[in-house]
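Content type compact mmCIF, C-alpha atoms, from the file coords-v8.txt:
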# COMPACT_ATOMS: atom_id res chain seq x y z
CA MET A 467 3.18 26.51 1.64
CA SER A 468 3.48 22.75 2.06
CA ILE A 469 2.45 19.41 0.69
CA ILE A 470 1.31 17.33 3.66
CA LEU A 471 1.55 13.53 3.84
CA TYR A 472 -0.06 11.61 6.69
CA LEU A 473 1.41 8.23 7.65
CA GLN A 474 0.59 5.80 10.42
CA GLY A 475 3.23 3.28 11.45
CA ARG A 476 2.95 -0.23 12.82
CA ASN A 477 4.78 -1.28 15.97
CA GLY A 478 6.85 1.90 15.79
CA HIS A 479 8.13 1.25 12.27
CA PHE A 480 7.24 2.39 8.76
CA THR A 481 6.61 0.12 5.76
CA PRO A 482 8.39 -0.04 2.38
CA HIS A 483 5.31 1.37 0.66
CA GLN A 484 5.37 4.38 2.98
CA SER A 485 8.97 5.22 2.09
CA GLY A 486 7.94 5.17 -1.58
CA TRP A 487 5.04 7.51 -0.83
CA VAL A 488 7.43 9.97 0.82
CA SER A 489 9.68 9.97 -2.26
CA PHE A 490 6.66 10.45 -4.54
CA ALA A 491 5.32 13.29 -2.39
CA SER A 492 8.78 14.85 -2.40
CA SER A 493 8.78 14.89 -6.20
CA LEU A 494 5.39 16.65 -6.15
CA ALA A 495 6.75 19.23 -3.73
CA GLU A 496 9.78 19.84 -5.93
CA LYS A 497 7.67 20.24 -9.07
CA THR A 498 5.36 22.75 -7.36
CA SER A 499 8.11 24.64 -5.46
CA ASN A 500 6.63 23.58 -2.13
CA LEU A 501 8.04 21.85 0.93
CA LEU A 502 7.01 18.38 2.07
CA THR A 503 5.85 17.94 5.65
CA LEU A 504 5.07 14.53 7.13
CA LEU A 505 2.45 14.09 9.84
CA VAL A 506 3.23 10.73 11.41
CA ARG A 507 1.92 8.70 14.32
CA ASP A 508 2.98 5.42 15.92
CA ILE A 509 6.51 5.67 14.46
CA GLN A 510 9.61 5.90 16.67
CA VAL A 511 11.79 8.99 16.40
CA ASP A 512 14.72 7.22 14.73
CA GLN A 513 12.38 5.53 12.26
CA ALA A 514 10.57 8.79 11.57
CA THR A 515 13.91 10.50 10.90
CA LEU A 516 14.89 7.76 8.45
CA LEU A 517 11.48 7.91 6.78
CA GLY A 518 11.72 11.68 6.44
CA SER A 519 15.14 11.39 4.79
CA HIS A 520 13.37 10.12 1.65
CA GLY A 521 12.61 13.73 0.74
CA ALA A 522 10.72 15.52 3.54
CA ALA A 523 11.66 18.98 4.80
CA LYS A 524 9.93 18.42 8.15
CA VAL A 525 8.52 15.51 10.13
CA VAL A 526 5.90 16.19 12.78
CA LEU A 527 5.51 13.39 15.32
CA LEU A 528 1.92 13.37 16.55
CA ASP A 529 1.67 12.23 20.14
CA GLY A 530 -1.45 11.81 22.25
CA LEU A 531 -3.90 11.16 19.43
CA PRO A 532 -6.82 8.84 20.24
CA ALA A 533 -7.00 5.42 18.61
CA ALA A 534 -6.99 5.58 14.81
CA TYR A 535 -10.50 4.14 14.61
CA ASP A 536 -11.83 7.32 16.29
CA LEU A 537 -11.95 8.76 12.80
CA THR A 538 -13.85 11.95 13.55
CA THR A 539 -11.48 13.15 16.28
CA VAL A 540 -8.36 12.20 14.35
CA ALA A 541 -9.59 13.77 11.10
CA ARG A 542 -10.44 17.05 12.83
CA TYR A 543 -7.00 17.18 14.39
CA LEU A 544 -5.22 16.32 11.13
CA THR A 545 -7.08 18.96 9.13
CA ALA A 546 -6.23 21.56 11.76
CA GLU A 547 -2.54 20.60 11.46
CA TYR A 548 -2.80 20.65 7.66
CA SER A 549 -4.17 24.21 7.74
CA ALA A 550 -1.60 25.32 10.32
CA GLU A 551 1.20 24.03 8.05
CA GLY A 552 -0.23 25.95 5.09
CA GLY A 553 -1.08 22.81 3.16
CA THR A 554 -1.92 22.85 -0.55
CA LEU A 555 -2.17 19.10 -1.18
CA PHE A 556 -3.11 16.60 1.55
CA LEU A 557 -1.81 13.10 0.77
CA PHE A 558 -2.78 9.77 2.34
CA GLY A 559 -1.85 6.14 1.76
CA ASN A 560 -4.42 3.63 0.56
CA ASP A 561 -4.73 1.47 3.67
CA THR A 562 -8.27 1.22 5.05
CA THR A 563 -7.87 3.67 7.94
CA SER A 564 -5.99 6.30 5.94
CA THR A 565 -8.52 6.18 3.10
CA ALA A 566 -11.35 6.77 5.58
CA LEU A 567 -9.43 9.64 7.17
CA ALA A 568 -8.80 11.11 3.71
CA ALA A 569 -12.53 11.13 2.94
CA MET A 570 -13.39 12.76 6.26
CA SER A 571 -10.59 15.32 5.87
CA ALA A 572 -11.82 16.25 2.39
CA ALA A 573 -15.31 16.78 3.80
CA ILE A 574 -14.03 18.93 6.67
CA LEU A 575 -11.82 21.00 4.37
CA ASN A 576 -14.50 21.12 1.64
CA THR A 577 -11.92 20.16 -0.98
CA PRO A 578 -11.99 17.63 -3.85
CA MET A 579 -10.64 14.13 -3.22
CA VAL A 580 -8.99 11.82 -5.77
CA THR A 581 -8.30 8.16 -5.00
CA GLY A 582 -6.27 5.60 -6.92
CA VAL A 583 -3.42 8.02 -7.72
CA PHE A 584 -0.57 6.04 -9.28
CA SER A 585 1.51 8.58 -11.21
CA THR A 586 2.68 12.18 -11.21
CA PRO A 587 -0.03 14.68 -12.30
CA THR A 588 0.13 15.53 -15.99
CA SER A 589 -0.62 19.16 -15.10
CA PHE A 590 -0.44 21.22 -11.93
CA ASN A 591 -2.35 24.31 -13.04
CA PRO A 592 -5.04 23.11 -13.26
CA LEU A 593 -4.30 19.88 -11.41
CA VAL A 594 -4.89 16.90 -13.73
CA ILE A 595 -4.36 13.44 -12.26
CA ALA A 596 -4.46 9.97 -13.79
CA ARG A 597 -6.16 7.41 -11.56
CA LYS A 598 -7.16 3.78 -11.75
CA SER A 599 -10.88 3.05 -11.96
CA PHE A 600 -13.02 -0.09 -12.05
CA SER A 601 -10.48 -2.20 -10.15
CA GLY A 602 -7.64 -1.01 -12.37
CA LYS A 603 -9.28 -1.94 -15.68
CA VAL A 604 -9.61 1.72 -16.72
CA ILE A 605 -7.24 4.69 -16.42
CA SER A 606 -9.19 7.91 -16.07
CA SER A 607 -7.96 11.51 -16.13
CA VAL A 608 -9.36 13.76 -13.39
CA LYS A 609 -9.25 17.55 -13.52
CA VAL A 610 -9.40 19.26 -10.12
CA ASN A 611 -10.96 22.71 -10.23
CA SER A 612 -9.55 23.81 -6.89
CA SER A 613 -6.30 25.19 -5.50
CA GLU A 614 -6.29 22.39 -2.90
CA ALA A 615 -7.05 18.66 -3.00
CA VAL A 616 -6.90 15.46 -0.96
CA LEU A 617 -5.12 12.61 -2.75
CA VAL A 618 -5.02 8.90 -1.87
CA LEU A 619 -1.87 7.20 -3.21
CA ASN A 620 -1.78 3.63 -4.52
CA ALA A 621 0.58 1.14 -2.94
CA GLY A 622 3.78 0.73 -4.94
CA ILE A 623 3.94 4.33 -6.13
CA GLY A 624 7.32 6.08 -5.81
CA GLU A 625 10.88 4.78 -5.57
CA ALA A 626 12.40 4.94 -2.08
CA LYS A 627 15.36 7.34 -1.91
CA PRO A 628 16.83 7.35 1.61
CA GLY A 629 19.26 10.12 2.46
CA SER A 630 17.90 12.62 -0.05
CA SER A 631 17.04 15.13 2.71
CA ALA A 632 17.74 15.95 6.36
CA PRO A 633 14.31 16.83 7.79
CA VAL A 634 13.56 18.93 10.84
CA ILE A 635 11.95 16.73 13.51
CA GLU A 636 9.17 18.21 15.62
CA THR A 637 6.93 16.61 18.24
CA LYS A 638 3.39 17.80 18.94
CA ARG A 639 1.32 16.63 21.88
CA ALA A 640 -2.41 16.52 21.20
CA GLU A 641 -4.52 17.24 24.25
CA LEU A 642 -7.60 15.38 23.13
CA ALA A 643 -10.12 13.54 25.24
CA ALA A 644 -12.25 11.18 23.21
CA ASP A 645 -14.42 8.25 24.22
CA ILE A 646 -16.60 6.77 21.49
CA GLY A 647 -17.86 3.92 23.63
CA PHE A 648 -16.08 0.94 22.12
CA LYS A 649 -12.64 -0.49 21.54
CA LEU A 650 -11.21 -2.10 18.44
CA GLU A 651 -8.64 -4.85 18.86
CA SER A 652 -6.22 -5.86 16.11
CA GLN A 653 -4.59 -9.26 15.74
CA GLN A 654 -0.99 -9.45 14.60
CA PRO A 655 0.10 -12.13 12.11
CA GLU A 656 1.08 -15.42 13.72
CA ASP A 657 4.74 -16.38 14.06
CA GLY A 658 5.91 -12.94 12.98
CA LYS A 659 4.73 -13.45 9.40
CA GLN A 660 4.64 -10.48 7.05
CA LEU A 661 1.45 -8.59 6.37
CA LEU A 662 0.38 -9.20 2.79
CA THR A 663 -0.28 -5.52 2.17
CA GLU A 664 3.27 -4.64 3.24
CA ALA A 665 5.23 -7.52 1.70
CA LEU A 666 7.64 -6.75 -1.15
CA ARG A 667 7.50 -10.35 -2.41
CA VAL A 668 4.44 -12.60 -2.49
CA VAL A 669 4.03 -16.26 -3.48
CA SER A 670 0.43 -17.17 -4.24
CA GLY A 671 -1.34 -20.45 -4.97
CA GLY A 672 -4.59 -21.23 -6.75
CA ARG A 673 -6.89 -24.14 -7.40
CA GLY A 674 -4.19 -25.67 -9.59
CA MET A 675 -2.37 -26.65 -6.39
CA ARG A 676 -5.05 -29.42 -6.10
CA GLY A 677 -5.33 -29.36 -2.32
CA PRO A 678 -3.90 -28.10 1.00
CA GLU A 679 -1.62 -31.12 1.31
CA PHE A 680 0.40 -29.90 -1.70
CA TRP A 681 1.23 -26.48 -0.24
CA LYS A 682 4.59 -27.26 1.39
CA PRO A 683 6.73 -26.54 -1.73
CA LEU A 684 5.05 -23.11 -2.03
CA GLU A 685 5.82 -22.33 1.60
CA GLU A 686 9.41 -23.43 1.08
CA LEU A 687 9.71 -21.20 -1.99
CA ALA A 688 8.30 -18.26 -0.02
CA ASP A 689 10.76 -18.83 2.83
CA LEU A 690 13.72 -18.97 0.47
CA ILE A 691 12.96 -15.61 -1.15
CA GLY A 692 11.55 -13.88 1.95
CA ALA A 693 8.00 -13.70 0.60
CA ALA A 694 4.56 -13.63 2.18
CA MET A 695 2.02 -16.32 1.33
CA ALA A 696 -1.23 -15.59 -0.54
CA CYS A 697 -3.98 -17.46 -2.37
CA SER A 698 -6.87 -17.00 -4.77
CA ARG A 699 -10.48 -16.83 -3.61
CA PRO A 700 -11.43 -20.43 -4.55
CA VAL A 701 -8.60 -21.66 -2.33
CA SER A 702 -9.79 -19.70 0.71
CA ASP A 703 -13.43 -20.60 -0.01
CA GLU A 704 -12.48 -24.30 -0.03
CA GLY A 705 -10.72 -23.83 3.32
CA TRP A 706 -7.31 -24.82 1.97
CA ARG A 707 -5.81 -21.57 3.25
CA SER A 708 -6.87 -18.84 5.67
CA HIS A 709 -9.14 -16.06 4.36
CA HIS A 710 -6.58 -13.44 5.42
CA GLU A 711 -4.32 -14.75 2.61
CA HIS A 712 -6.94 -14.16 -0.09
CA VAL A 713 -5.85 -11.53 -2.63
CA GLY A 714 -8.11 -10.10 -5.32
CA GLN A 715 -10.99 -7.71 -5.82
CA THR A 716 -12.92 -9.23 -2.90
CA GLY A 717 -9.79 -9.85 -0.81
CA LYS A 718 -6.63 -7.88 -0.15
CA VAL A 719 -5.29 -5.54 -2.82
CA ILE A 720 -1.50 -5.73 -2.95
CA ALA A 721 1.35 -4.14 -4.90
CA PRO A 722 4.58 -6.04 -4.17
CA GLU A 723 7.78 -5.80 -6.16
CA LEU A 724 7.41 -9.49 -7.08
CA TYR A 725 4.24 -11.58 -7.31
CA ILE A 726 4.51 -15.28 -8.19
CA ALA A 727 1.17 -16.83 -9.17
CA CYS A 728 1.20 -20.62 -9.01
CA GLY A 729 -1.69 -22.59 -10.48
CA ILE A 730 -3.86 -19.46 -10.73
CA SER A 731 -5.90 -19.04 -13.93
CA GLY A 732 -6.10 -15.25 -13.59
CA ALA A 733 -9.78 -14.29 -13.43
CA ILE A 734 -10.33 -10.53 -13.66
CA GLN A 735 -11.35 -10.40 -9.98
CA HIS A 736 -7.97 -11.82 -9.00
CA ILE A 737 -6.01 -9.58 -11.38
CA ALA A 738 -7.75 -6.53 -9.92
CA GLY A 739 -6.09 -7.23 -6.60
CA VAL A 740 -2.55 -7.79 -7.87
CA ASN A 741 -2.13 -5.66 -11.01
CA GLY A 742 -0.18 -3.07 -9.03
CA SER A 743 2.70 -5.57 -8.72
CA LYS A 744 5.91 -4.41 -10.39
CA VAL A 745 6.79 -7.90 -11.67
CA ILE A 746 4.34 -10.79 -12.09
CA VAL A 747 5.56 -14.34 -12.65
CA ALA A 748 2.94 -16.93 -13.65
CA ILE A 749 3.26 -20.72 -13.48
CA ASN A 750 0.40 -22.63 -15.10
CA LYS A 751 0.11 -25.75 -17.25
CA ASP A 752 -2.59 -24.10 -19.39
CA LYS A 753 -0.81 -21.89 -21.92
CA GLU A 754 -4.13 -20.12 -22.63
CA ALA A 755 -4.65 -19.10 -18.97
CA PRO A 756 -5.57 -15.38 -18.68
CA ILE A 757 -2.84 -14.86 -16.08
CA PHE A 758 -0.23 -14.96 -18.88
CA GLU A 759 -1.78 -11.83 -20.43
CA VAL A 760 -0.66 -9.72 -17.46
CA ALA A 761 2.46 -11.66 -16.46
CA ASP A 762 5.93 -10.24 -17.10
CA TYR A 763 7.35 -13.77 -17.08
CA GLY A 764 5.47 -17.02 -17.66
CA ILE A 765 6.30 -20.68 -17.21
CA VAL A 766 4.01 -23.17 -18.92
CA GLY A 767 4.22 -26.32 -16.83
CA ASP A 768 2.81 -28.29 -13.93
CA VAL A 769 3.30 -26.36 -10.68
CA HIS A 770 4.05 -29.64 -8.88
CA THR A 771 7.08 -30.10 -11.12
CA VAL A 772 8.17 -26.49 -11.63
CA ILE A 773 8.04 -25.29 -8.01
CA PRO A 774 10.20 -28.10 -6.55
CA ALA A 775 12.71 -27.43 -9.34
CA LEU A 776 12.75 -23.71 -8.45
CA VAL A 777 13.26 -24.56 -4.79
CA GLU A 778 16.20 -26.81 -5.56
CA ALA A 779 17.74 -24.19 -7.87
CA LEU A 780 17.43 -21.49 -5.18
CA LYS A 781 19.03 -23.74 -2.58
CA LYS A 782 22.11 -24.02 -4.79

For this file, write the structure as structure tokens.
Amino acid sequence: MSIILYLQGRNGHFTPHQSGWVSFASSLAEKTSNLLTLLVRDIQVDQATLLGSHGAAKVVLLDGLPAAYDLTTVARYLTAEYSAEGGTLFLFGNDTTSTALAAMSAAILNTPMVTGVFSTPTSFNPLVIARKSFSGKVISSVKVNSSEAVLVLNAGIGEAKPGSSAPVIETKRAELAADIGFKLESQQPEDGKQLLTEALRVVSGGRGMRGPEFWKPLEELADLIGAAMACSRPVSDEGWRSHHEHVGQTGKVIAPELYIACGISGAIQHIAGVNGSKVIVAINKDKEAPIFEVADYGIVGDVHTVIPALVEALKK
């Protein structure tokens, strides 16, 4: 029997979050005396081997699948592979495509599905899982009355452990002909910038930055620490920054290792999109700002004074 984890790469590579998911799935396999098998697509062989070394027993490279947005065809193929591998738990990441595939796979397999998984189950027989609900404001406990389940893992779950296994690498060619009548084009970030959902460090600005002309120190700070840029919704609504940088309940949900919030008050809608961050640093001149309630470290001060000082300190 196996625990199956499906992962889709980008430009032939895997992301830091995906390596954490493999380690987490490996711990589930160990606790249930199962083996972990990865079903991966769009990841080069050497990258897939490295990814599998985080705890997988086997990595199956899926070749010939139709485009990921052909959800029906892909889900049918994945569930067939899951059954062929003797799957007991089917795991997916929480990116948009994988979550959709998880839902379709659960329907095809007629098994329960649990989203928002952020920790190891408290029980395996029966399966009891803690999950985040209502944008992370509530932790609920879900009991699964089935021997199988589809689980969607939160970003940031699991600690990457390269070299913990030497997986068997297998390639499978899917002979599938699918034409759903349209094509979906994706646009890569300009100038090789990091994707917000994959970045391990994020520097974010809010309305306290006062205007787009004051953003240069933030960009310099981000460059110095290798971080992606983000912003709150009011900033993107005002047109100070691009909408693709908006993080929050109505924007991108992220879970970096470090999130630096500059001039952001911390409305619940914003916190819902960043509360998966491992460390949150807040800089705000209002000591009563809600952001300090969730921050691990807080600096009470004017961002236009604090940020330049941080930049100068980092340069030294």

>> Could you list, as a VMD selection string, every residue within 10 Å of Asp689 (chain A), counting only C-alpha atoms and ignoring same-chain residues fewer than 5 positions away?
In response: chain A and resid 669 683 to 684 694 to 695 777

Which residues come within 7 Å of region 620-622 of chain A, counting only C-alpha atoms, excluding same-chain residues fewer than 4 positions away, as an mmCIF file with C-alpha atoms, in the coordinates of the input?
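Output (selection.cif):
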data_model
loop_
_atom_site.group_PDB
_atom_site.id
_atom_site.type_symbol
_atom_site.label_atom_id
_atom_site.label_comp_id
_atom_site.auth_asym_id
_atom_site.auth_seq_id
_atom_site.Cartn_x
_atom_site.Cartn_y
_atom_site.Cartn_z
ATOM 1 C CA HIS A 483 5.310 1.370 0.660
ATOM 2 C CA GLY A 486 7.940 5.170 -1.580
ATOM 3 C CA GLY A 559 -1.850 6.140 1.760
ATOM 4 C CA ASN A 560 -4.420 3.630 0.560
ATOM 5 C CA GLY A 582 -6.270 5.600 -6.920
ATOM 6 C CA VAL A 583 -3.420 8.020 -7.720
ATOM 7 C CA PHE A 584 -0.570 6.040 -9.280
ATOM 8 C CA ALA A 721 1.350 -4.140 -4.900
ATOM 9 C CA PRO A 722 4.580 -6.040 -4.170
ATOM 10 C CA GLY A 742 -0.180 -3.070 -9.030
#

>> Neighbouring residues of Val772 (chain A) were defined as those with any atom within 12 Å, considering only C-alpha atoms; residues of the same chain fewer than 4 positions away were excluded. Please report them as a PyMOL selection string.
In response: chain A and resi 675+683-684+687+728-729+748-751+764-768+776-779

> At what distance in Å, to one decimal, does CA of Thr577 (chain A) lie from CA of Leu528 (chain A)?
Replying inline: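 Value for the CA of Leu528 (chain A)-CA of Thr577 (chain A) distance: 23.3 Å.
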
Which residues of region 609-639 of chain A have any atom within 12 Å of an atom in region 532-549 of chain A when counting all atoms listed in the file, and what is the closest pair of atoms for each, with the distance in Å to one decimal? Order the rows by chain and rising number and write it as a tab-separated table.
residue	atom	partner	partner_atom	distance
A:Glu614	CA	A:Ser549	CA	11.0
A:Ala615	CA	A:Tyr548	CA	11.6
A:Val616	CA	A:Thr545	CA	10.7
A:Lys638	CA	A:Glu547	CA	9.9
A:Arg639	CA	A:Tyr543	CA	11.2

> Which is closest to Leu567 (chain A) among A:Ser631, A:Lys603, A:Tyr472, A:Val506, if we use all atoms listed in the file?
Replying inline: A:Tyr472

>> Need to verify the contact set: Leu724 (chain A), 8 Å, only C-alpha atoms, exclusion of same-chain residues closer than 3 positions in sequence. Can you return it as a ChimeraX atom specification?
In response: /A:666-668,743-747

>> From (5.9, 21.0, -10.9), in the file's coordinates, out to 10 Å: which residues are reached, counting only C-alpha atoms? Answer as a PyMOL selection string.
In response: chain A and resi 493-500+586-591

> In Å to one decimal, how far is CA of Lys598 (chain A) from CA of Leu505 (chain A)?
Replying inline: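 Atom-to-atom, CA of Leu505 (chain A) to CA of Lys598 (chain A), that is 25.8 Å.
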
> Excluding same-chain residues fewer than 4 positions from Ser468 (chain A), what lies within 7 Å of it counting all atoms listed in the file, as a PyMOL selection string?
Replying inline: chain A and resi 500-503+551-554

>> Around the point (4.8, 5.9, 11.1) (coordinates from the file), which residues reach within 8 Å if we count all atoms listed in the file? Answer as a list in words.
In response: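 The answer, in the requested form, is Leu473, Gln474, Gly475, Arg476, Gly478, His479, Phe480, Val506, Arg507, Asp508, Ile509, Gln510, Gln513 and Ala514 of chain A.
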
> What does the distance between CA of Ala568 (chain A) and CA of Glu711 (chain A) come to in Å, to one decimal place?
Replying inline: 26.3 Å

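With all atoms listed in the file as the basis for measurement, A:Gly705 is the residue among A:Gly705, A:Ala738, A:Ser731, A:Arg699 that approaches Glu679 (chain A) most closely.
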
> Which one of A:Thr771, A:Leu471, A:Ile605, A:Thr481 sits closest to Ala665 (chain A) if you count all atoms listed in the file?
Replying inline: A:Thr481

> Which residue, A:Ala775, A:Ile470, A:Glu664, A:Glu754, has the smallest gap to Ala523 (chain A) when you use all atoms listed in the file?
Replying inline: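 Nearest candidate to Ala523 (chain A) out of A:Ala775, A:Ile470, A:Glu664, A:Glu754: A:Ile470.
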
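Residue nearest Val608 (chain A) within the list A:Val594, A:Val634, A:Leu504, A:Val713: A:Val594 [criterion: smallest interatomic distance, only C-alpha atoms].
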
>> Calculated over all atoms listed in the file, which of the candidates A:Cys697, A:Val604, A:Ala755, A:Lys609 has the smallest distance to His710 (chain A)?
In response: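 Closest to His710 (chain A) of all the choices is A:Cys697.
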
Kindly compute an axis-aligned box around the listed atoms of region 591-604 of chain A, allowing 6 Å on each side, and express its centre and edge lengths in Å to one decimal as AutoDock Vina command-line options.
--center_x -7.7 --center_y 11.1 --center_z -13.4 --size_x 22.7 --size_y 38.5 --size_z 18.6

Kindly output region 507-532 of chain A as a tab-separated table (two decimals), in the coordinates of the input, after building N, CA and C atoms.
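Contents of selection-v6.tsv, freshly written:
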chain	number	residue	atom	x	y	z
A	507	ARG	N	2.25	9.21	12.99
A	507	ARG	CA	1.92	8.70	14.32
A	507	ARG	C	2.35	7.24	14.42
A	508	ASP	N	2.61	6.81	15.64
A	508	ASP	CA	2.98	5.42	15.92
A	508	ASP	C	4.27	5.01	15.20
A	509	ILE	N	5.19	5.96	15.04
A	509	ILE	CA	6.51	5.67	14.46
A	509	ILE	C	7.57	6.25	15.39
A	510	GLN	N	8.55	5.44	15.78
A	510	GLN	CA	9.61	5.90	16.67
A	510	GLN	C	10.42	7.01	16.04
A	511	VAL	N	11.06	7.81	16.88
A	511	VAL	CA	11.79	8.99	16.40
A	511	VAL	C	12.86	8.62	15.38
A	512	ASP	N	13.65	7.58	15.67
A	512	ASP	CA	14.72	7.22	14.73
A	512	ASP	C	14.14	6.74	13.40
A	513	GLN	N	13.04	6.00	13.48
A	513	GLN	CA	12.38	5.53	12.26
A	513	GLN	C	11.76	6.69	11.48
A	514	ALA	N	11.18	7.63	12.22
A	514	ALA	CA	10.57	8.79	11.57
A	514	ALA	C	11.63	9.64	10.88
A	515	THR	N	12.80	9.75	11.51
A	515	THR	CA	13.91	10.50	10.90
A	515	THR	C	14.37	9.83	9.60
A	516	LEU	N	14.50	8.50	9.64
A	516	LEU	CA	14.89	7.76	8.45
A	516	LEU	C	13.83	7.88	7.36
A	517	LEU	N	12.57	7.78	7.75
A	517	LEU	CA	11.48	7.91	6.78
A	517	LEU	C	11.50	9.30	6.14
A	518	GLY	N	11.69	10.32	6.96
A	518	GLY	CA	11.72	11.68	6.44
A	518	GLY	C	12.87	11.95	5.50
A	519	SER	N	13.95	11.17	5.64
A	519	SER	CA	15.14	11.39	4.79
A	519	SER	C	14.88	11.03	3.33
A	520	HIS	N	13.71	10.46	3.03
A	520	HIS	CA	13.37	10.12	1.65
A	520	HIS	C	12.87	11.34	0.87
A	521	GLY	N	12.96	12.53	1.49
A	521	GLY	CA	12.61	13.73	0.74
A	521	GLY	C	11.80	14.77	1.48
A	522	ALA	N	11.52	14.56	2.78
A	522	ALA	CA	10.72	15.52	3.54
A	522	ALA	C	11.58	16.65	4.08
A	523	ALA	N	10.98	17.85	4.18
A	523	ALA	CA	11.66	18.98	4.80
A	523	ALA	C	11.44	18.97	6.31
A	524	LYS	N	10.27	18.45	6.72
A	524	LYS	CA	9.93	18.42	8.15
A	524	LYS	C	9.10	17.19	8.46
A	525	VAL	N	9.32	16.63	9.64
A	525	VAL	CA	8.52	15.51	10.13
A	525	VAL	C	7.92	15.91	11.46
A	526	VAL	N	6.59	15.86	11.55
A	526	VAL	CA	5.90	16.19	12.78
A	526	VAL	C	5.39	14.90	13.42
A	527	LEU	N	5.94	14.57	14.59
A	527	LEU	CA	5.51	13.39	15.32
A	527	LEU	C	4.29	13.73	16.15
A	528	LEU	N	3.18	13.09	15.86
A	528	LEU	CA	1.92	13.37	16.55
A	528	LEU	C	1.77	12.43	17.74
A	529	ASP	N	1.76	13.00	18.91
A	529	ASP	CA	1.67	12.23	20.14
A	529	ASP	C	0.34	12.55	20.83
A	530	GLY	N	-0.24	11.56	21.48
A	530	GLY	CA	-1.45	11.81	22.25
A	530	GLY	C	-2.74	11.72	21.47
A	531	LEU	N	-2.67	11.31	20.20
A	531	LEU	CA	-3.90	11.16	19.43
A	531	LEU	C	-4.69	9.96	19.95
A	532	PRO	N	-6.03	10.01	19.87
A	532	PRO	CA	-6.82	8.84	20.24
A	532	PRO	C	-6.59	7.72	19.24
